[in-house]
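Shown here: query00.cif, mmCIF, C-alpha atoms.
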data_final
#
loop_
_atom_site.group_PDB
_atom_site.id
_atom_site.type_symbol
_atom_site.label_atom_id
_atom_site.label_comp_id
_atom_site.auth_asym_id
_atom_site.auth_seq_id
_atom_site.Cartn_x
_atom_site.Cartn_y
_atom_site.Cartn_z
ATOM 1 C CA GLU A 1 12.218 -5.899 -0.072
ATOM 2 C CA LEU A 2 9.196 -7.686 1.291
ATOM 3 C CA ALA A 3 11.103 -10.952 1.687
ATOM 4 C CA SER A 4 13.889 -9.216 3.620
ATOM 5 C CA TRP A 5 11.372 -7.466 5.850
ATOM 6 C CA ILE A 6 9.601 -10.773 6.605
ATOM 7 C CA HIS A 7 12.930 -12.490 7.270
ATOM 8 C CA LEU A 8 14.482 -9.778 9.451
ATOM 9 C CA ALA A 9 11.325 -9.190 11.495
ATOM 10 C CA LYS A 10 10.725 -12.955 11.740
ATOM 11 C CA LEU A 11 7.115 -12.483 10.623
ATOM 12 C CA LYS A 12 4.717 -15.085 9.345
ATOM 13 C CA PRO A 13 3.823 -14.127 5.735
ATOM 14 C CA HIS A 14 0.097 -14.633 6.430
ATOM 15 C CA SER A 15 0.203 -12.150 9.325
ATOM 16 C CA ILE A 16 0.813 -9.217 6.975
ATOM 17 C CA CYS A 17 -2.102 -7.068 5.828
ATOM 18 C CA PHE A 18 -1.600 -5.301 2.505
ATOM 19 C CA ILE A 19 -3.538 -2.077 1.954
ATOM 20 C CA PRO A 20 -3.164 0.234 -1.045
ATOM 21 C CA VAL A 21 -1.773 3.691 -0.292
ATOM 22 C CA GLY A 22 -4.917 5.357 -1.671
ATOM 23 C CA PHE A 23 -6.893 4.019 1.299
ATOM 24 C CA ALA A 24 -5.475 6.832 3.429
ATOM 25 C CA ALA A 25 -7.065 9.504 1.206
ATOM 26 C CA PHE A 26 -10.422 7.719 1.342
ATOM 27 C CA LEU A 27 -10.271 7.325 5.108
ATOM 28 C CA ALA A 28 -9.188 10.948 5.667
ATOM 29 C CA THR A 29 -11.975 12.324 3.465
ATOM 30 C CA TRP A 30 -14.621 10.085 4.993
ATOM 31 C CA THR A 31 -13.576 10.935 8.544
ATOM 32 C CA SER A 32 -13.179 14.661 7.848
ATOM 33 C CA THR A 33 -16.653 14.879 6.355
ATOM 34 C CA PHE A 34 -18.276 13.564 9.482
ATOM 35 C CA ILE A 35 -16.013 15.381 11.936
ATOM 36 C CA VAL A 36 -16.795 18.726 10.295
ATOM 37 C CA ALA A 37 -20.505 17.892 10.212
ATOM 38 C CA ILE A 38 -20.486 16.979 13.909
ATOM 39 C CA MET A 39 -18.543 20.140 14.781
ATOM 40 C CA ILE A 40 -20.992 22.355 12.895
ATOM 41 C CA LEU A 41 -23.974 20.685 14.543
ATOM 42 C CA SER A 42 -22.312 20.951 17.978
ATOM 43 C CA VAL A 43 -21.775 24.677 17.503
ATOM 44 C CA ALA A 44 -25.351 24.998 16.299
ATOM 45 C CA ASP A 45 -26.610 23.182 19.372
ATOM 46 C CA VAL A 46 -24.686 25.540 21.651
ATOM 47 C CA MET A 47 -26.048 28.541 19.758
ATOM 48 C CA THR A 48 -29.555 26.984 19.729
ATOM 49 C CA GLU A 49 -29.803 27.764 16.059
ATOM 50 C CA THR A 50 -29.870 24.187 14.925
ATOM 51 C CA MET A 51 -31.949 24.795 11.815
ATOM 52 C CA SER A 52 -29.756 27.651 10.538
ATOM 53 C CA MET A 53 -26.622 25.493 10.854
ATOM 54 C CA LEU A 54 -28.252 22.378 9.495
ATOM 55 C CA VAL A 55 -28.340 23.707 5.943
ATOM 56 C CA PRO A 56 -24.549 24.388 5.701
ATOM 57 C CA THR A 57 -23.895 20.984 7.248
ATOM 58 C CA VAL A 58 -26.071 19.197 4.725
ATOM 59 C CA VAL A 59 -24.480 21.163 1.864
ATOM 60 C CA LEU A 60 -20.982 20.320 3.122
ATOM 61 C CA VAL A 61 -21.784 16.626 3.419
ATOM 62 C CA MET A 62 -23.402 16.628 -0.030
ATOM 63 C CA LEU A 63 -20.274 18.214 -1.518
ATOM 64 C CA LEU A 64 -17.795 15.898 0.189
ATOM 65 C CA PHE A 65 -19.767 12.673 -0.088
ATOM 66 C CA PRO A 66 -19.274 12.263 -3.876
ATOM 67 C CA LEU A 67 -15.511 12.698 -3.386
ATOM 68 C CA THR A 68 -15.616 10.028 -0.708
ATOM 69 C CA VAL A 69 -17.502 7.675 -3.042
ATOM 70 C CA ILE A 70 -14.977 8.292 -5.844
ATOM 71 C CA LEU A 71 -12.102 7.537 -3.464
ATOM 72 C CA ALA A 72 -13.893 4.423 -2.149
ATOM 73 C CA ARG A 73 -14.362 3.094 -5.692
ATOM 74 C CA GLY A 74 -10.676 3.732 -6.383
ATOM 75 C CA HIS A 75 -9.807 1.823 -3.217
ATOM 76 C CA VAL A 76 -11.872 -1.175 -4.340
ATOM 77 C CA ARG A 77 -10.095 -1.138 -7.728
ATOM 78 C CA ASP A 78 -6.712 -0.854 -5.982
ATOM 79 C CA MET A 79 -7.533 -3.810 -3.729
ATOM 80 C CA ALA A 80 -8.427 -5.945 -6.752
ATOM 81 C CA ALA A 81 -5.202 -4.915 -8.508
ATOM 82 C CA LEU A 82 -3.165 -5.612 -5.373
ATOM 83 C CA ARG A 83 -4.695 -9.067 -4.989
ATOM 84 C CA HIS A 84 -3.863 -9.851 -8.631
ATOM 85 C CA GLN A 85 -0.298 -8.534 -8.263
ATOM 86 C CA LEU A 86 0.327 -10.638 -5.160
ATOM 87 C CA GLN A 87 -1.166 -13.777 -6.740
ATOM 88 C CA THR A 88 0.835 -13.476 -9.957
ATOM 89 C CA PHE A 89 4.143 -12.146 -8.602
ATOM 90 C CA SER A 90 7.214 -14.108 -9.623
ATOM 91 C CA VAL A 91 10.721 -13.223 -8.511
ATOM 92 C CA GLN A 92 12.020 -14.795 -11.731
ATOM 93 C CA ARG A 93 9.998 -12.330 -13.852
ATOM 94 C CA ALA A 94 10.838 -9.265 -11.741
ATOM 95 C CA ARG A 95 12.823 -6.641 -13.615
ATOM 96 C CA CYS A 96 15.991 -5.127 -12.221
ATOM 97 C CA TYR A 97 17.969 -2.058 -13.208
ATOM 98 C CA CYS A 98 21.238 -3.843 -13.883
ATOM 99 C CA CYS A 99 19.754 -6.395 -16.281
ATOM 100 C CA ASP A 100 17.677 -3.733 -18.067
ATOM 101 C CA HIS A 101 20.925 -1.830 -18.782
ATOM 102 C CA GLY A 102 23.117 -4.782 -19.726
ATOM 103 C CA HIS A 103 25.043 -4.609 -16.443
ATOM 104 C CA VAL A 104 26.558 -1.251 -17.442
ATOM 105 C CA GLU A 105 25.814 2.041 -15.680
ATOM 106 C CA PRO A 106 24.462 4.253 -18.499
ATOM 107 C CA SER A 107 25.844 7.523 -17.114
ATOM 108 C CA THR A 108 29.408 6.284 -16.536
ATOM 109 C CA GLY A 109 29.761 3.222 -18.787
ATOM 110 C CA LYS A 110 31.137 1.215 -15.851
ATOM 111 C CA GLU A 111 30.180 -2.396 -15.307
ATOM 112 C CA ILE A 112 27.740 -2.991 -12.439
ATOM 113 C CA ALA A 113 27.008 -6.112 -10.397
ATOM 114 C CA CYS A 114 23.836 -8.092 -10.994
ATOM 115 C CA ASP A 115 21.075 -7.336 -8.486
ATOM 116 C CA ARG A 116 19.240 -10.508 -9.459
ATOM 117 C CA GLU A 117 22.163 -12.699 -8.336
ATOM 118 C CA LEU A 118 22.289 -10.839 -5.007
ATOM 119 C CA VAL A 119 18.537 -11.247 -4.475
ATOM 120 C CA TYR A 120 18.614 -14.948 -5.383
ATOM 121 C CA SER A 121 21.532 -15.650 -3.040
ATOM 122 C CA ALA A 122 19.821 -13.801 -0.156
ATOM 123 C CA LEU A 123 16.531 -15.655 -0.686
ATOM 124 C CA GLU A 124 18.366 -18.959 -0.861
ATOM 125 C CA ALA A 125 20.264 -18.221 2.354
ATOM 126 C CA TRP A 126 17.090 -17.167 4.183
ATOM 127 C CA TYR A 127 14.509 -19.645 2.988
ATOM 128 C CA ILE A 128 16.153 -22.824 1.704
ATOM 129 C CA LYS A 129 17.277 -25.206 4.427
ATOM 130 C CA ARG A 130 20.705 -26.657 3.828
ATOM 131 C CA LYS A 131 21.635 -30.287 4.453
ATOM 132 C CA ASP A 132 24.762 -29.267 6.345
ATOM 133 C CA THR A 133 22.851 -27.284 9.021
ATOM 134 C CA ASP A 134 20.790 -28.438 11.959
ATOM 135 C CA GLY A 135 17.792 -26.229 10.886
#

Encoded form using structure tokens:
Amino acid sequence: ELASWIHLAKLKPHSICFIPVGFAAFLATWTSTFIVAIMILSVADVMTETMSMLVPTVVLVMLLFPLTVILARGHVRDMAALRHQLQTFSVQRARCYCCDHGHVEPSTGKEIACDRELVYSALEAWYIKRKDTDG
């Protein structure tokens, strides 16, 4: 999928930034914590009861901050796993449904085409320059 996306969009592989999906939860929690804190303090400033609103703000931040730290640690682990997955990926070792099921659809018993052959032929057409072309 990634190879087809790079090919069809005519992207340079090094121009792509990979970020684990869990980063969104970390970013949302981190941002929400501070937005809510700022909103509470803004309301307190308008009401001139800064000290009475400061305590709920501090409590809120203290409750949400550990969650943010947990999500940040998960993000760091995900980034390390992603780096390892990208460094060790091999199209030859990738599993495909058809090969895992002996090229037979389990529910119907009908023979199915090999995805691996399709993927290999597409990659060859996209990335291997042929002698008979000008490219």

At most 8 Å is the cut-off: for each residue in range 51-95 of chain A with any atom that close to an atom of range 13-23 of chain A, write down the nearest atom pair and the distance in Å rounded to one decimal, counting all atoms listed in the file, chain first then increasing number, as a Markdown table.
| residue | atom | partner | partner_atom | distance |
| --- | --- | --- | --- | --- |
| A:Leu71 | CA | A:Gly22 | CA | 7.7 |
| A:Ala72 | CA | A:Phe23 | CA | 7.8 |
| A:Gly74 | CA | A:Gly22 | CA | 7.6 |
| A:His75 | CA | A:Phe23 | CA | 5.8 |
| A:Asp78 | CA | A:Pro20 | CA | 6.2 |
| A:Met79 | CA | A:Pro20 | CA | 6.5 |
| A:Leu82 | CA | A:Pro20 | CA | 7.3 |

Those residues with C-alpha atoms, as a PDB file, in the coordinates of the input please?
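Here's the written file result.pdb:
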ATOM      1  CA  LEU A  71     -12.102   7.537  -3.464  1.00  0.00           C
ATOM      2  CA  ALA A  72     -13.893   4.423  -2.149  1.00  0.00           C
ATOM      3  CA  GLY A  74     -10.676   3.732  -6.383  1.00  0.00           C
ATOM      4  CA  HIS A  75      -9.807   1.823  -3.217  1.00  0.00           C
ATOM      5  CA  ASP A  78      -6.712  -0.854  -5.982  1.00  0.00           C
ATOM      6  CA  MET A  79      -7.533  -3.810  -3.729  1.00  0.00           C
ATOM      7  CA  LEU A  82      -3.165  -5.612  -5.373  1.00  0.00           C
TER       8      LEU A  82
END

Residues matched by the PyMOL selection byres ((chain A and resi 61) around 10), written as JSON, numbers by chain: {"A": [30, 32, 33, 34, 36, 37, 55, 56, 57, 58, 59, 60, 62, 63, 64, 65, 66, 68]}

Using all atoms listed in the file: which of A:Trp126, A:His103, A:Ile38, A:Ala81 has the shortest distance to Ser4 in chain A: A:Trp126

Near-Arg95 in chain A list (10 Å; only C-alpha atoms; drop same-chain fewer than 5 positions) as a PyMOL selection string: chain A and resi 100+115-116

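Atom pair CA of Leu27 in chain A / CA of Phe89 in chain A has a distance of 27.8 Å (rounded to one decimal).
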
Let me make sure I understand: among A:Ile128, A:Cys98, A:Ala3, A:Ile35, which one has the smallest atom-to-atom distance to Glu111 in chain A if we use all atoms listed in the file?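 Of the candidates, the smallest distance to Glu111 in chain A is held by A:Cys98.
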
Using only C-alpha atoms, which residue out of A:Glu1, A:Ala28, A:Leu86, A:His7 lies closest to Ala125 in chain A?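 Smallest distance to Ala125 in chain A is found for A:His7.
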
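Rounded to one decimal, CA of Leu8 in chain A and CA of Cys96 in chain A lie 22.2 Å from each other.
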
Provide the CA of Ala9 in chain A to CA of Ala80 in chain A distance in Å, to one decimal place.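 CA of Ala9 in chain A sits 27.1 Å away from CA of Ala80 in chain A.
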
As an MDAnalysis selection string, please: the residues near Cys99 in chain A (cut-off 12 Å, all atoms listed in the file, same-chain neighbours under 5 positions excluded). chainID A and resid 93:94 104:106 111:117
